[in-house]
Each structure stands twice: as C-alpha cells, then as structure tokens.
Amino acid sequence: MIRILIADDHNMVRQGLKQILELERDFTVVAQAANGAEAVKLAREYKPDIVLMDINMPGTNGLQAIKEMKEENSPSRIIVLTIHQDREYLFKTLQMGAEGYVLKDAEPEVLVEAIRSVYGGQSYIQSNMTKELVREFNRVTLHEKDKSDDNDLTAREVEVLELIAEGMINKEIAKKLYISEKTVKNHVSNIFKKLNVSDRTQAAIYAFKHNIKTE
C-alpha cells in the first residue's frame, strides 16, 4: 500500500482528495493535516510514503513544513498540490527538496500518476509547468551524448519523446498515437535507456535541449 498524508487547510478539499485517492486499491490516506505544523508532526508519527502538501496554510505554511521535513531527513516524499502556477513557487519548492508539483485543477488521473511516479523514486512536474522548469534548468548538464546518438531512437520513440516533453502522461500518449498504454510504457523505458536519463522530466529537458522532433 502507498501510504499518504494530505496537508490542506480546507476540510472539504482533504475529504474530496481522500475519496478520490482511495478509489485506487493500493492507496490509503493515513492522516490529514490542516496546517504545516500539523503536517510535520503527523509525518513524524505516521511516516507516510507520500505527503500531498498545500502551500498556503495558516500558521506554519507548506514551504516551512517542507523545509522542516527535509531538515529532519523525513523518509516521506513530498508532492506540492497547489493553485499556484507561478514558476517562483515551482522552483522554490523543488530547490527545497519537494519531489513533485501538481496543480489543484489537474485531473484525478494526473495526481494518481504523480503519486505513483514519486513513490517509485522519480520526480513529477505537471505538464504545463514543465517548460518553465526546462528554461530554469537549461544550464544543468545532463549526461551528454553525441548528436548522432539521437539516431538510436526509432521514429515512434521520437514521437513518444515529443509528447513526454509536452507533459503528456502514458494514457494520453496512447490515445494520441492509437497504441496501447503497455506499448507506450515500453517505448518510455527504451527512451530512458537510450538517453541515459532516469525520469520523464530529464527526458523532456533532453528533448528541448537537442530540439528533437519528428521529421
């Protein structure tokens, strides 16, 4: 089971998220917090796998809570769940150590995908925030490959990589390309291996840096 703590100052939001998440058989909400201080306390007590952290909460806000949890080396992975589309918040929370960033108006399947990705050790940035991340971290040096190595990608893998860079999840890519979700997962795995990256965000950055496009 993936054990989740929800931190949000609105009770209706917490209850709604709990109902949505627990439709997944392997998700369970173990605790709920109404502010950052309570989130830190409950994270210590329950040691959840995932903390869904709102930013704007009374008293100790989400940013302070993230800082405290990371300073304590909390084993919990943090996904920021917020209304803020400002890149300032995105960069700040990532720099503080948050593993994911999802907007509250996202579809439920996006949040589910984020939780599974972050639980699996990857980072997850919602699609429409990806380009902001790319612009900020364009200076970051990834494992560079010769340009000729891009030819190792098949035509279909290039198509999938383009859609990853647009922020699409596997289900959306499958629908777009008229292939099964399992086939998409295989393509994504092959892309990661060929580009020597470990998650979707790094793959998207690679695609932008090298201007990889279908012919």
# chains A, B, ... in the order shown; residues from 1 in each chain; ligands from 1

call {"tool": "select_by_dssp", "arguments": {"residues": "range 17-72 of chain A", "states": "strand (DSSP E)", "output": "list in words"}}
result
Phe27, Thr28, Val29, Val30, Ala31, Gln32, Ala33, Ile50, Val51, Leu52 and Met53 of chain A

call {"tool": "write_last_selection", "arguments": {"atoms": "C-alpha atoms", "output": "compact mmCIF listing (two decimals), in the first residue's frame"}}
result
# COMPACT_ATOMS: atom_id res chain seq x y z
CA PHE A 27 -3.65 3.92 -1.95
CA THR A 28 -4.56 4.65 1.66
CA VAL A 29 -4.80 8.04 3.37
CA VAL A 30 -3.26 7.52 6.82
CA ALA A 31 -3.53 11.09 8.13
CA GLN A 32 -4.79 14.59 7.37
CA ALA A 33 -3.32 17.92 8.45
CA ILE A 50 3.78 10.46 0.20
CA VAL A 51 2.80 13.85 1.60
CA LEU A 52 0.46 15.99 -0.51
CA MET A 53 1.39 19.49 0.63

call {"tool": "residues_around", "arguments": {"residues": "Asp199 in chain A", "least_positions_apart": "5", "cutoff": "12 Å", "atoms": "only C-alpha atoms", "output": "PyMOL selection string"}}
result
chain A and resi 99+114+117-118+120-125+161+164-165+188-193+204-206

call {"tool": "write_last_selection", "arguments": {"atoms": "N, CA and C atoms", "output": "mmCIF file, in the first residue's frame"}}
result
data_model
loop_
_atom_site.group_PDB
_atom_site.id
_atom_site.type_symbol
_atom_site.label_atom_id
_atom_site.label_comp_id
_atom_site.auth_asym_id
_atom_site.auth_seq_id
_atom_site.Cartn_x
_atom_site.Cartn_y
_atom_site.Cartn_z
ATOM 1 N N GLU A 99 9.528 16.530 -4.288
ATOM 2 C CA GLU A 99 9.729 15.604 -5.407
ATOM 3 C C GLU A 99 8.694 15.756 -6.515
ATOM 4 N N ALA A 114 1.215 11.133 -10.622
ATOM 5 C CA ALA A 114 2.259 11.812 -9.862
ATOM 6 C C ALA A 114 2.651 11.001 -8.630
ATOM 7 N N SER A 117 4.588 7.885 -9.628
ATOM 8 C CA SER A 117 5.929 8.228 -10.113
ATOM 9 C C SER A 117 6.857 8.589 -8.955
ATOM 10 N N VAL A 118 6.378 9.455 -8.079
ATOM 11 C CA VAL A 118 7.205 9.903 -6.956
ATOM 12 C C VAL A 118 7.465 8.752 -5.983
ATOM 13 N N GLY A 120 7.776 5.784 -6.812
ATOM 14 C CA GLY A 120 8.756 4.939 -7.497
ATOM 15 C C GLY A 120 10.140 5.545 -7.589
ATOM 16 N N GLY A 121 10.326 6.711 -6.977
ATOM 17 C CA GLY A 121 11.661 7.313 -6.937
ATOM 18 C C GLY A 121 11.930 8.346 -8.021
ATOM 19 N N GLN A 122 10.903 8.675 -8.813
ATOM 20 C CA GLN A 122 11.072 9.671 -9.866
ATOM 21 C C GLN A 122 10.561 11.027 -9.395
ATOM 22 N N SER A 123 10.867 12.055 -10.179
ATOM 23 C CA SER A 123 10.272 13.364 -9.937
ATOM 24 C C SER A 123 9.054 13.492 -10.840
ATOM 25 N N TYR A 124 8.126 14.407 -10.506
ATOM 26 C CA TYR A 124 6.943 14.592 -11.342
ATOM 27 C C TYR A 124 6.548 16.057 -11.329
ATOM 28 N N ILE A 125 6.559 16.665 -12.516
ATOM 29 C CA ILE A 125 6.132 18.046 -12.672
ATOM 30 C C ILE A 125 4.963 18.053 -13.644
ATOM 31 N N LEU A 161 8.747 10.700 -27.279
ATOM 32 C CA LEU A 161 9.570 11.666 -26.555
ATOM 33 C C LEU A 161 9.009 13.076 -26.706
ATOM 34 N N ILE A 164 6.130 13.340 -24.385
ATOM 35 C CA ILE A 164 6.603 13.436 -22.995
ATOM 36 C C ILE A 164 7.000 14.880 -22.703
ATOM 37 N N ALA A 165 7.712 15.499 -23.666
ATOM 38 C CA ALA A 165 8.166 16.878 -23.497
ATOM 39 C C ALA A 165 6.994 17.847 -23.392
ATOM 40 N N VAL A 188 8.714 4.262 -23.480
ATOM 41 C CA VAL A 188 9.280 5.178 -22.486
ATOM 42 C C VAL A 188 10.510 4.557 -21.838
ATOM 43 N N SER A 189 10.418 3.284 -21.493
ATOM 44 C CA SER A 189 11.551 2.578 -20.894
ATOM 45 C C SER A 189 12.753 2.567 -21.830
ATOM 46 N N ASN A 190 12.512 2.309 -23.114
ATOM 47 C CA ASN A 190 13.598 2.302 -24.099
ATOM 48 C C ASN A 190 14.216 3.681 -24.262
ATOM 49 N N ILE A 191 13.383 4.712 -24.256
ATOM 50 C CA ILE A 191 13.870 6.094 -24.384
ATOM 51 C C ILE A 191 14.789 6.443 -23.218
ATOM 52 N N PHE A 192 14.360 6.092 -22.004
ATOM 53 C CA PHE A 192 15.175 6.372 -20.822
ATOM 54 C C PHE A 192 16.558 5.727 -20.945
ATOM 55 N N LYS A 193 16.566 4.465 -21.391
ATOM 56 C CA LYS A 193 17.833 3.743 -21.519
ATOM 57 C C LYS A 193 18.736 4.379 -22.569
ATOM 58 N N ALA A 204 12.314 15.143 -20.947
ATOM 59 C CA ALA A 204 11.755 16.353 -21.551
ATOM 60 C C ALA A 204 12.830 17.413 -21.744
ATOM 61 N N ILE A 205 13.684 17.571 -20.728
ATOM 62 C CA ILE A 205 14.774 18.547 -20.822
ATOM 63 C C ILE A 205 15.706 18.179 -21.968
ATOM 64 N N TYR A 206 16.012 16.893 -22.102
ATOM 65 C CA TYR A 206 16.883 16.433 -23.184
ATOM 66 C C TYR A 206 16.256 16.767 -24.536
#

call {"tool": "closest_residue", "arguments": {"among": "A:Lys41, A:Pro75, A:Pro108, A:Met129", "to": "Phe91 in chain A", "atoms": "only C-alpha atoms"}}
result
A:Met129

call {"tool": "residues_around", "arguments": {"residues": "Ile6 in chain A", "least_positions_apart": "5", "cutoff": "12 Å", "atoms": "only C-alpha atoms", "output": "ChimeraX atom specification"}}
result
/A:11-19,21,28-36,38-40,42-43,46,48-55,62,78-81

call {"tool": "residues_around", "arguments": {"residues": "Leu94 in chain A", "least_positions_apart": "2", "cutoff": "12 Å", "atoms": "only C-alpha atoms", "output": "mmCIF file with N, CA and C atoms, in the first residue's frame"}}
result
data_model
loop_
_atom_site.group_PDB
_atom_site.id
_atom_site.type_symbol
_atom_site.label_atom_id
_atom_site.label_comp_id
_atom_site.auth_asym_id
_atom_site.auth_seq_id
_atom_site.Cartn_x
_atom_site.Cartn_y
_atom_site.Cartn_z
ATOM 1 N N LEU A 63 5.588 25.742 2.676
ATOM 2 C CA LEU A 63 7.016 25.923 2.423
ATOM 3 C C LEU A 63 7.829 25.664 3.693
ATOM 4 N N ILE A 66 7.830 21.903 4.394
ATOM 5 C CA ILE A 66 8.775 21.179 3.542
ATOM 6 C C ILE A 66 10.190 21.341 4.081
ATOM 7 N N LYS A 67 10.547 22.571 4.435
ATOM 8 C CA LYS A 67 11.886 22.858 4.961
ATOM 9 C C LYS A 67 12.160 22.024 6.208
ATOM 10 N N LYS A 70 12.526 18.208 5.396
ATOM 11 C CA LYS A 70 13.782 17.886 4.725
ATOM 12 C C LYS A 70 14.963 18.016 5.675
ATOM 13 N N ARG A 77 8.159 11.313 0.810
ATOM 14 C CA ARG A 77 8.354 12.097 -0.410
ATOM 15 C C ARG A 77 7.208 13.107 -0.519
ATOM 16 N N ILE A 78 7.549 14.315 -0.949
ATOM 17 C CA ILE A 78 6.576 15.407 -0.921
ATOM 18 C C ILE A 78 6.147 15.817 -2.324
ATOM 19 N N ILE A 79 4.824 15.854 -2.537
ATOM 20 C CA ILE A 79 4.248 16.393 -3.760
ATOM 21 C C ILE A 79 3.493 17.659 -3.385
ATOM 22 N N VAL A 80 3.897 18.772 -3.957
ATOM 23 C CA VAL A 80 3.193 20.029 -3.714
ATOM 24 C C VAL A 80 1.908 20.015 -4.538
ATOM 25 N N ARG A 87 6.129 30.243 -11.558
ATOM 26 C CA ARG A 87 7.340 29.433 -11.562
ATOM 27 C C ARG A 87 8.177 29.669 -10.312
ATOM 28 N N GLU A 88 7.967 30.812 -9.658
ATOM 29 C CA GLU A 88 8.697 31.090 -8.418
ATOM 30 C C GLU A 88 8.428 30.003 -7.383
ATOM 31 N N TYR A 89 7.164 29.613 -7.240
ATOM 32 C CA TYR A 89 6.809 28.569 -6.283
ATOM 33 C C TYR A 89 7.342 27.208 -6.732
ATOM 34 N N LEU A 90 7.269 26.953 -8.032
ATOM 35 C CA LEU A 90 7.777 25.695 -8.561
ATOM 36 C C LEU A 90 9.252 25.537 -8.238
ATOM 37 N N PHE A 91 10.050 26.555 -8.585
ATOM 38 C CA PHE A 91 11.492 26.467 -8.367
ATOM 39 C C PHE A 91 11.835 26.394 -6.887
ATOM 40 N N LYS A 92 11.129 27.194 -6.098
ATOM 41 C CA LYS A 92 11.438 27.233 -4.668
ATOM 42 C C LYS A 92 11.182 25.885 -4.003
ATOM 43 N N MET A 96 13.890 23.232 -2.428
ATOM 44 C CA MET A 96 13.775 22.823 -1.023
ATOM 45 C C MET A 96 13.725 21.308 -0.875
ATOM 46 N N GLY A 97 13.530 20.612 -2.002
ATOM 47 C CA GLY A 97 13.567 19.153 -1.935
ATOM 48 C C GLY A 97 12.274 18.438 -2.248
ATOM 49 N N ALA A 98 11.214 19.182 -2.611
ATOM 50 C CA ALA A 98 9.958 18.515 -2.986
ATOM 51 C C ALA A 98 10.189 17.671 -4.232
ATOM 52 N N GLU A 99 9.528 16.530 -4.288
ATOM 53 C CA GLU A 99 9.729 15.604 -5.407
ATOM 54 C C GLU A 99 8.694 15.756 -6.515
ATOM 55 N N GLY A 100 7.618 16.500 -6.249
ATOM 56 C CA GLY A 100 6.583 16.647 -7.257
ATOM 57 C C GLY A 100 5.855 17.966 -7.134
ATOM 58 N N TYR A 101 5.193 18.364 -8.231
ATOM 59 C CA TYR A 101 4.442 19.628 -8.248
ATOM 60 C C TYR A 101 3.228 19.446 -9.142
ATOM 61 N N VAL A 102 2.033 19.519 -8.542
ATOM 62 C CA VAL A 102 0.777 19.312 -9.269
ATOM 63 C C VAL A 102 -0.188 20.428 -8.900
ATOM 64 N N SER A 123 10.867 12.055 -10.179
ATOM 65 C CA SER A 123 10.272 13.364 -9.937
ATOM 66 C C SER A 123 9.054 13.492 -10.840
ATOM 67 N N TYR A 124 8.126 14.407 -10.506
ATOM 68 C CA TYR A 124 6.943 14.592 -11.342
ATOM 69 C C TYR A 124 6.548 16.057 -11.329
ATOM 70 N N ILE A 125 6.559 16.665 -12.516
ATOM 71 C CA ILE A 125 6.132 18.046 -12.672
ATOM 72 C C ILE A 125 4.963 18.053 -13.644
ATOM 73 N N LEU A 133 10.273 24.735 -16.012
ATOM 74 C CA LEU A 133 11.384 24.023 -15.398
ATOM 75 C C LEU A 133 12.553 23.913 -16.369
ATOM 76 N N GLU A 136 14.514 27.147 -16.674
ATOM 77 C CA GLU A 136 15.331 27.443 -15.486
ATOM 78 C C GLU A 136 16.548 26.540 -15.382
ATOM 79 N N PHE A 137 16.359 25.278 -15.728
ATOM 80 C CA PHE A 137 17.445 24.316 -15.541
ATOM 81 C C PHE A 137 18.163 23.962 -16.839
#

call {"tool": "atom_distance", "arguments": {"atom1": "CA of Ile4 in chain A", "atom2": "CA of Asn56 in chain A"}}
result
19.3 Å

call {"tool": "closest_residue", "arguments": {"among": "A:Thr201, A:Glu72, A:Asn128, A:His10", "to": "Asp86 in chain A", "atoms": "only C-alpha atoms"}}
result
A:Asn128

call {"tool": "atom_distance", "arguments": {"atom1": "CA of Ala106 in chain A", "atom2": "CA of Gln126 in chain A"}}
result
8.3 Å

call {"tool": "atom_distance", "arguments": {"atom1": "CA of Thr183 in chain A", "atom2": "CA of Glu113 in chain A"}}
result
17.0 Å

call {"tool": "closest_residue", "arguments": {"among": "A:Gly167, A:Asp152, A:Ala207, A:Asp105", "to": "Lys194 in chain A", "atoms": "only C-alpha atoms"}}
result
A:Asp152
